[in-house]
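Engineer: So here's work.cif (mmCIF, C-alpha atoms).
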```
data_upload
loop_
_atom_site.label_atom_id
_atom_site.label_comp_id
_atom_site.auth_asym_id
_atom_site.auth_seq_id
_atom_site.Cartn_x
_atom_site.Cartn_y
_atom_site.Cartn_z
CA MET I 1 145.65 75.38 158.08
CA THR I 2 148.29 74.46 160.69
CA TYR I 3 151.73 76.02 160.50
CA ARG I 4 154.65 74.07 161.94
CA HIS I 5 158.00 75.06 163.34
CA GLU I 6 161.08 73.92 161.48
CA TRP I 7 164.84 73.74 162.12
CA LYS I 8 167.44 72.84 159.52
CA HIS I 9 171.10 72.06 160.17
CA GLU I 10 173.96 71.06 157.89
CA ILE I 11 175.60 68.06 159.52
CA THR I 12 178.54 65.71 159.01
CA LEU I 13 178.66 61.96 158.44
CA PHE I 14 179.88 61.57 162.03
CA ASP I 15 176.81 63.53 163.19
CA VAL I 16 174.59 61.13 161.21
CA ILE I 17 176.05 58.10 163.00
CA THR I 18 175.57 59.79 166.38
CA LEU I 19 172.01 60.91 165.64
CA ARG I 20 170.94 57.49 164.37
CA GLN I 21 171.93 55.88 167.64
CA ARG I 22 170.27 58.53 169.78
CA LEU I 23 167.05 58.81 167.77
CA ARG I 24 166.48 55.07 167.34
CA ALA I 25 166.48 54.73 171.12
CA VAL I 26 163.55 57.12 171.66
CA THR I 27 161.57 57.46 168.40
CA ARG I 28 159.43 55.11 166.35
CA PRO I 29 160.09 54.29 162.69
CA ASP I 30 158.11 55.68 159.80
CA VAL I 31 155.81 52.95 158.46
CA HIS I 32 156.65 53.96 154.88
CA ALA I 33 160.40 53.55 155.31
CA ILE I 34 162.25 50.50 154.02
CA ASP I 35 165.19 49.57 156.24
CA GLY I 36 164.79 52.93 157.91
CA ARG I 37 164.88 55.09 154.81
CA TYR I 38 163.18 55.92 151.55
CA MET I 39 163.99 57.63 148.29
CA ILE I 40 162.09 60.78 147.38
CA ARG I 41 161.68 62.08 143.86
CA SER I 42 160.09 65.50 143.43
CA LEU I 43 159.35 67.69 140.42
CA TYR I 44 159.35 71.38 141.30
CA PHE I 45 157.53 74.17 139.48
CA ASP I 46 158.71 77.69 138.70
CA ASN I 47 158.22 80.34 136.03
CA LEU I 48 160.48 82.10 133.55
CA SER I 49 161.41 84.74 136.12
CA ASN I 50 162.24 82.02 138.68
CA LYS I 51 159.69 83.32 141.19
CA ALA I 52 159.97 80.40 143.63
CA LEU I 53 163.77 80.37 143.49
CA ARG I 54 164.14 84.12 143.91
CA GLU I 55 161.69 84.30 146.82
CA LYS I 56 163.69 81.62 148.60
CA LEU I 57 167.09 83.19 147.93
CA ASP I 58 165.81 86.67 148.86
CA GLY I 59 164.34 85.38 152.13
CA ILE I 60 160.79 86.54 151.39
CA SER I 61 158.84 85.84 154.59
CA ARG I 62 155.64 84.80 152.80
CA ARG I 63 156.20 82.43 149.92
CA GLU I 64 155.05 79.16 148.36
CA LYS I 65 156.19 76.50 145.95
CA PHE I 66 154.50 73.59 144.17
CA ARG I 67 155.89 70.13 143.57
CA ILE I 68 154.81 66.62 142.54
CA ARG I 69 156.32 63.80 144.59
CA TYR I 70 156.51 60.02 144.93
CA TYR I 71 158.56 57.59 147.00
CA ASN I 72 160.84 54.58 146.49
CA ARG I 73 160.51 54.71 142.71
CA ASP I 74 156.87 53.64 143.08
CA PRO I 75 154.50 55.88 141.04
CA SER I 76 151.37 54.12 142.30
CA LEU I 77 150.97 56.93 144.86
CA ILE I 78 151.82 60.44 143.72
CA HIS I 79 151.14 63.67 145.60
CA LEU I 80 150.78 67.21 144.38
CA GLU I 81 151.98 69.44 147.22
CA LYS I 82 152.09 73.15 147.97
CA LYS I 83 154.56 74.20 150.64
CA SER I 84 153.92 77.62 152.18
CA LYS I 85 156.11 79.71 154.49
CA LEU I 86 155.02 82.54 156.75
CA ASP I 87 157.50 84.26 159.06
CA GLY I 88 159.61 81.12 159.41
CA LEU I 89 156.68 78.74 159.99
CA GLY I 90 155.68 76.18 157.38
CA THR I 91 152.63 74.29 156.23
CA LYS I 92 151.88 71.81 153.45
CA GLU I 93 148.74 71.08 151.43
CA SER I 94 148.47 67.88 149.44
CA ALA I 95 146.32 66.14 146.82
CA VAL I 96 146.65 62.69 145.24
CA LEU I 97 147.36 62.38 141.52
CA THR I 98 147.24 59.35 139.29
CA ALA I 99 150.31 58.58 137.22
CA GLU I 100 148.32 59.57 134.13
CA GLU I 101 147.41 62.94 135.65
CA ALA I 102 150.98 63.61 136.73
CA GLN I 103 152.30 62.76 133.28
CA ALA I 104 149.68 65.00 131.68
CA ILE I 105 150.91 67.94 133.79
CA VAL I 106 154.51 67.21 132.80
CA ASP I 107 153.48 67.08 129.14
CA GLY I 108 151.57 70.37 129.39
CA ASN I 109 148.12 68.80 128.93
CA CYS I 110 146.42 70.75 131.70
CA GLU I 111 142.88 71.53 130.52
CA TRP I 112 141.41 68.79 132.71
CA MET I 113 142.83 70.43 135.85
CA SER I 114 140.23 73.21 135.87
CA GLU I 115 137.50 70.57 136.29
CA SER I 116 139.25 68.62 139.04
CA LYS I 117 137.48 67.99 142.34
CA GLU I 118 140.76 68.72 144.15
CA PRO I 119 141.08 72.43 145.06
CA LEU I 120 144.87 72.20 145.00
CA VAL I 121 144.86 70.86 141.44
CA LYS I 122 142.62 73.77 140.40
CA GLU I 123 144.93 76.22 142.16
CA LEU I 124 147.98 74.88 140.34
CA HIS I 125 146.06 75.12 137.07
CA ASP I 126 145.26 78.79 137.71
CA LYS I 127 148.85 79.59 138.64
CA MET I 128 150.16 77.75 135.61
CA TYR I 129 147.91 80.06 133.58
CA PHE I 130 148.32 83.40 135.38
CA GLN I 131 151.87 83.03 136.78
CA GLN I 132 153.12 80.75 133.99
CA LEU I 133 154.35 78.08 136.43
CA ARG I 134 155.91 75.14 134.64
CA PRO I 135 157.74 71.94 135.66
CA LYS I 136 161.33 73.06 136.27
CA THR I 137 163.61 70.36 137.65
CA ILE I 138 163.71 66.98 139.35
CA VAL I 139 165.09 66.71 142.88
CA ASP I 140 166.09 63.25 144.21
CA TYR I 141 167.38 62.40 147.67
CA ILE I 142 167.44 59.77 150.42
CA ARG I 143 165.58 60.44 153.67
CA GLU I 144 165.85 58.73 157.07
CA PRO I 145 162.76 59.67 159.14
CA PHE I 146 162.21 59.45 162.90
CA ILE I 147 158.83 60.01 164.59
CA PHE I 148 158.20 61.25 168.14
CA PRO I 149 154.46 61.51 168.96
CA ALA I 150 154.67 64.17 171.68
CA GLY I 151 154.59 67.52 169.93
CA ASN I 152 154.00 65.73 166.60
CA VAL I 153 157.76 65.81 166.04
CA ARG I 154 159.35 64.57 162.84
CA VAL I 155 163.13 64.41 162.55
CA THR I 156 164.66 63.60 159.18
CA ILE I 157 168.18 63.16 157.82
CA ASP I 158 168.41 63.91 154.09
CA TYR I 159 171.41 63.15 151.87
CA ASP I 160 172.56 62.17 148.37
CA ILE I 161 170.72 65.17 146.93
CA ARG I 162 170.67 64.92 143.14
CA THR I 163 169.37 67.12 140.36
CA GLY I 164 167.72 66.23 137.09
CA LEU I 165 169.14 69.42 135.58
CA ARG I 166 166.54 70.47 132.99
CA CYS I 167 164.87 67.07 132.79
CA THR I 168 161.22 67.11 133.92
CA ASP I 169 160.20 63.58 132.88
CA PHE I 170 160.13 62.52 136.51
CA LEU I 171 158.10 59.32 135.97
CA ASN I 172 160.81 57.99 133.68
CA PRO I 173 162.99 55.63 135.78
CA ASP I 174 165.80 56.12 133.27
CA CYS I 175 165.94 59.87 133.77
CA ILE I 176 169.53 60.63 134.74
CA THR I 177 170.26 62.68 137.85
CA ILE I 178 173.63 63.92 139.07
CA PRO I 179 174.89 65.15 142.47
CA ALA I 180 173.70 68.70 143.22
CA GLY I 181 177.14 70.24 143.54
CA ASN I 182 178.49 69.79 147.06
CA ALA I 183 175.05 69.66 148.68
CA PRO I 184 175.44 68.79 152.38
CA ILE I 185 173.66 66.30 154.62
CA ILE I 186 170.62 68.05 156.10
CA LEU I 187 169.00 67.47 159.49
CA GLU I 188 165.41 68.73 159.67
CA VAL I 189 163.30 68.96 162.81
CA LYS I 190 159.59 69.81 162.52
CA TRP I 191 157.04 70.15 165.30
CA ASP I 192 153.69 71.72 166.17
CA ASP I 193 153.26 73.72 169.37
CA TYR I 194 156.27 72.55 171.36
CA LEU I 195 159.52 70.65 170.94
CA PRO I 196 160.07 68.15 173.80
CA ASP I 197 163.29 68.69 175.73
CA LEU I 198 164.39 65.12 174.99
CA ILE I 199 164.41 65.72 171.24
CA ARG I 200 165.80 69.23 171.64
CA ASP I 201 168.78 67.81 173.54
CA ILE I 202 169.37 65.01 171.03
CA VAL I 203 169.49 67.28 167.98
CA GLN I 204 171.77 69.87 169.58
CA LEU I 205 175.13 69.12 167.98
CA ASP I 206 178.44 70.88 168.52
CA GLY I 207 179.15 73.38 165.78
CA CYS I 208 175.65 73.20 164.25
CA ARG I 209 173.40 76.18 163.92
CA THR I 210 169.94 76.63 162.46
CA GLN I 211 170.05 77.91 158.89
CA ALA I 212 168.02 78.07 155.72
CA PHE I 213 168.53 75.39 153.10
CA SER I 214 166.50 74.56 150.00
CA LYS I 215 166.98 71.32 148.09
CA TYR I 216 165.25 72.95 145.13
CA ALA I 217 167.68 75.88 145.19
CA ALA I 218 170.63 73.49 145.53
CA CYS I 219 169.41 71.56 142.49
CA ARG I 220 169.20 74.74 140.43
CA ILE I 221 172.97 75.21 140.77
CA TYR I 222 173.47 74.27 137.12
CA GLY I 223 170.62 76.38 135.75
#
```
As structure tokens, what does this structure read like?
Structural biologist:
Amino acid sequence: MTYRHEWKHEITLFDVITLRQRLRAVTRPDVHAIDGRYMIRSLYFDNLSNKALREKLDGISRREKFRIRYYNRDPSLIHLEKKSKLDGLGTKESAVLTAEEAQAIVDGNCEWMSESKEPLVKELHDKMYFQQLRPKTIVDYIREPFIFPAGNVRVTIDYDIRTGLRCTDFLNPDCITIPAGNAPIILEVKWDDYLPDLIRDIVQLDGCRTQAFSKYAACRIYG
């Protein structure tokens, strides 16, 4: 399991314009992006005591959260993901779900998960049983990704963060989402062993500092 470094900054619209120009000159586009961006819809899991939310807000150094995710309103490829944090470093495990499997999880029909060939599906099943994890809320946003091969660097600009409130029917295209309060524009920089000086210089913006930010936490603003 490889842990990656991660920076997050809250940035302005002016910063976005500046970063686009700089990054497009030195990075390559993400093959999955359409016109340089894609929409992400995720369904996050938590329990009645809000374990995932509380661990994030309390700054617990070792924590994890589960989500189901697809892109550009296309449910033909859906991923179950577990994001883990350890002392500020992050890693992600992933497994593919069919739309039928994802809907079954949303509907609470989870018996099949214990027989899955995917270890991550089995792990979610066990934690849904022992920790009482359940689908909690939908998180929508737009992402602009930029790829720099040296250092396996991925720079993303995320905005228009929206919450599904208590709706968990995330495969329903008619599920209504609303802006997550005054959620900011977020710059994320992720890399493996080293961050090239070129990228480091580009993402250093006046007035910006590294800080923690959780889209899931932002989307729980209303409950």
Engineer: For a cut-off of 10 Å around (165.8, 73.1, 143.2), file coordinates, pick out all residues using only C-alpha atoms and list them as a PyMOL selection string.
Structural biologist: chain I and resi 42-46+52-53+136-140+162-165+180+214-223
Engineer: Give me, please, the distance in Å between atom CA of I:Thr156 and atom CA of I:Ala95, quoted to one decimal.
Structural biologist: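 Separating atom CA of I:Thr156 from atom CA of I:Ala95 is a distance of 22.3 Å.
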Engineer: For atom CA of I:Lys65 and atom CA of I:Ala150, determine how far apart the two atoms are, in Å to one decimal place.
Structural biologist: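 Distance reported for this atom pair: 28.6 Å.
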Engineer: Identify which of the residues I:Asp158, I:Glu100, I:Asp201, I:Glu111 lies closest to I:Arg37, counting only C-alpha atoms when measuring atom-to-atom distances.
Structural biologist: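 Of all the options, I:Asp158 lies closest to I:Arg37.
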Engineer: Work out how far apart atom CA of I:Lys56 and atom CA of I:Lys85 are and give it in Å to one decimal.
Structural biologist: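 Separation between atom CA of I:Lys56 and atom CA of I:Lys85: 9.8 Å.
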Engineer: Name the residues that the PyMOL selection byres ((chain I and resi 36) around 12) pulls out of this structure, and write them as a list in words.
Structural biologist: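 Evaluating the PyMOL selection byres ((chain I and resi 36) around 12) on this file yields Arg20, Leu23, Arg24, Thr27, Arg28, Pro29, Asp30, Val31, His32, Ala33, Ile34, Asp35, Arg37, Tyr38, Met39, Ile142, Arg143, Glu144, Pro145, Phe146, Ile147, Thr156 and Ile157 of chain I.
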Engineer: If we count all atoms listed in the file, what is near I:Asp193 at a cut-off of 10 Å, once residues fewer than 6 positions away on the same chain are taken out, given as a ChimeraX atom specification?
Structural biologist: /I:3-5,150-153
Engineer: In the coordinates of the file, take the point (177.1, 68.3, 157.1) and a cut-off of 6 Å; then, counting all atoms listed in the file, name each qualifying protein, DNA or RNA residue as a PDB file with C-alpha atoms, in the frame of the given file.
Structural biologist:
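Heads up, here's the output in part-v7.pdb:
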```
ATOM      1  CA  GLU I  10     173.960  71.060 157.890  1.00  0.00           C
ATOM      2  CA  ILE I  11     175.600  68.060 159.520  1.00  0.00           C
ATOM      3  CA  THR I  12     178.540  65.710 159.010  1.00  0.00           C
ATOM      4  CA  PRO I 184     175.440  68.790 152.380  1.00  0.00           C
ATOM      5  CA  ILE I 185     173.660  66.300 154.620  1.00  0.00           C
TER       6      ILE I 185
END
```
Engineer: Which is closest to I:Pro135 among I:Arg166, I:Arg73, I:Arg154, I:Arg41, if we use all atoms listed in the file?
Structural biologist: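 Of I:Arg166, I:Arg73, I:Arg154, I:Arg41, the one nearest I:Pro135 is I:Arg166, counting all atoms listed in the file.
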Engineer: Between I:Arg62, I:Arg134, I:Lys82, I:Lys117, which residue has the minimum interatomic distance to I:Ser49, considering all atoms listed in the file?
Structural biologist: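 For I:Ser49, the nearest of the given residues is I:Arg134.
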Engineer: Extract, using only C-alpha atoms, all DNA, RNA and protein residues at most 10 Å from I:Val26, discarding same-chain residues fewer than 5 positions from it, and format them as a ChimeraX atom specification.
Structural biologist: /I:21,146-148,198-199,202
Engineer: Evaluating the PyMOL selection byres ((chain I and resi 91) around 8) on the displayed file yields which residues, as a CSV table (one decimal) with C-alpha atoms, in the coordinates of the input?
Structural biologist:
```csv
chain,number,residue,atom,x,y,z
I,1,MET,CA,145.6,75.4,158.1
I,2,THR,CA,148.3,74.5,160.7
I,3,TYR,CA,151.7,76.0,160.5
I,4,ARG,CA,154.6,74.1,161.9
I,83,LYS,CA,154.6,74.2,150.6
I,84,SER,CA,153.9,77.6,152.2
I,85,LYS,CA,156.1,79.7,154.5
I,89,LEU,CA,156.7,78.7,160.0
I,90,GLY,CA,155.7,76.2,157.4
I,92,LYS,CA,151.9,71.8,153.4
I,93,GLU,CA,148.7,71.1,151.4
```
Engineer: Could you pull the residues within 7 Å of I:Asn47, counting only C-alpha atoms, minus those fewer than 4 positions along the same chain, as a ChimeraX atom specification?
Structural biologist: /I:51,131-134
Engineer: Under the rule that all atoms listed in the file are counted, which of I:Asn109, I:Asn182, I:Thr210, I:Gln103 is the nearest residue to I:Asp169?
Structural biologist: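 So, comparing all the options, the nearest one is I:Gln103.
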Engineer: Restricting the calculation to only C-alpha atoms, which member of I:Leu120, I:Val106, I:Gln211, I:Tyr71 is positioned closest to I:Ser94?
Structural biologist: I:Leu120
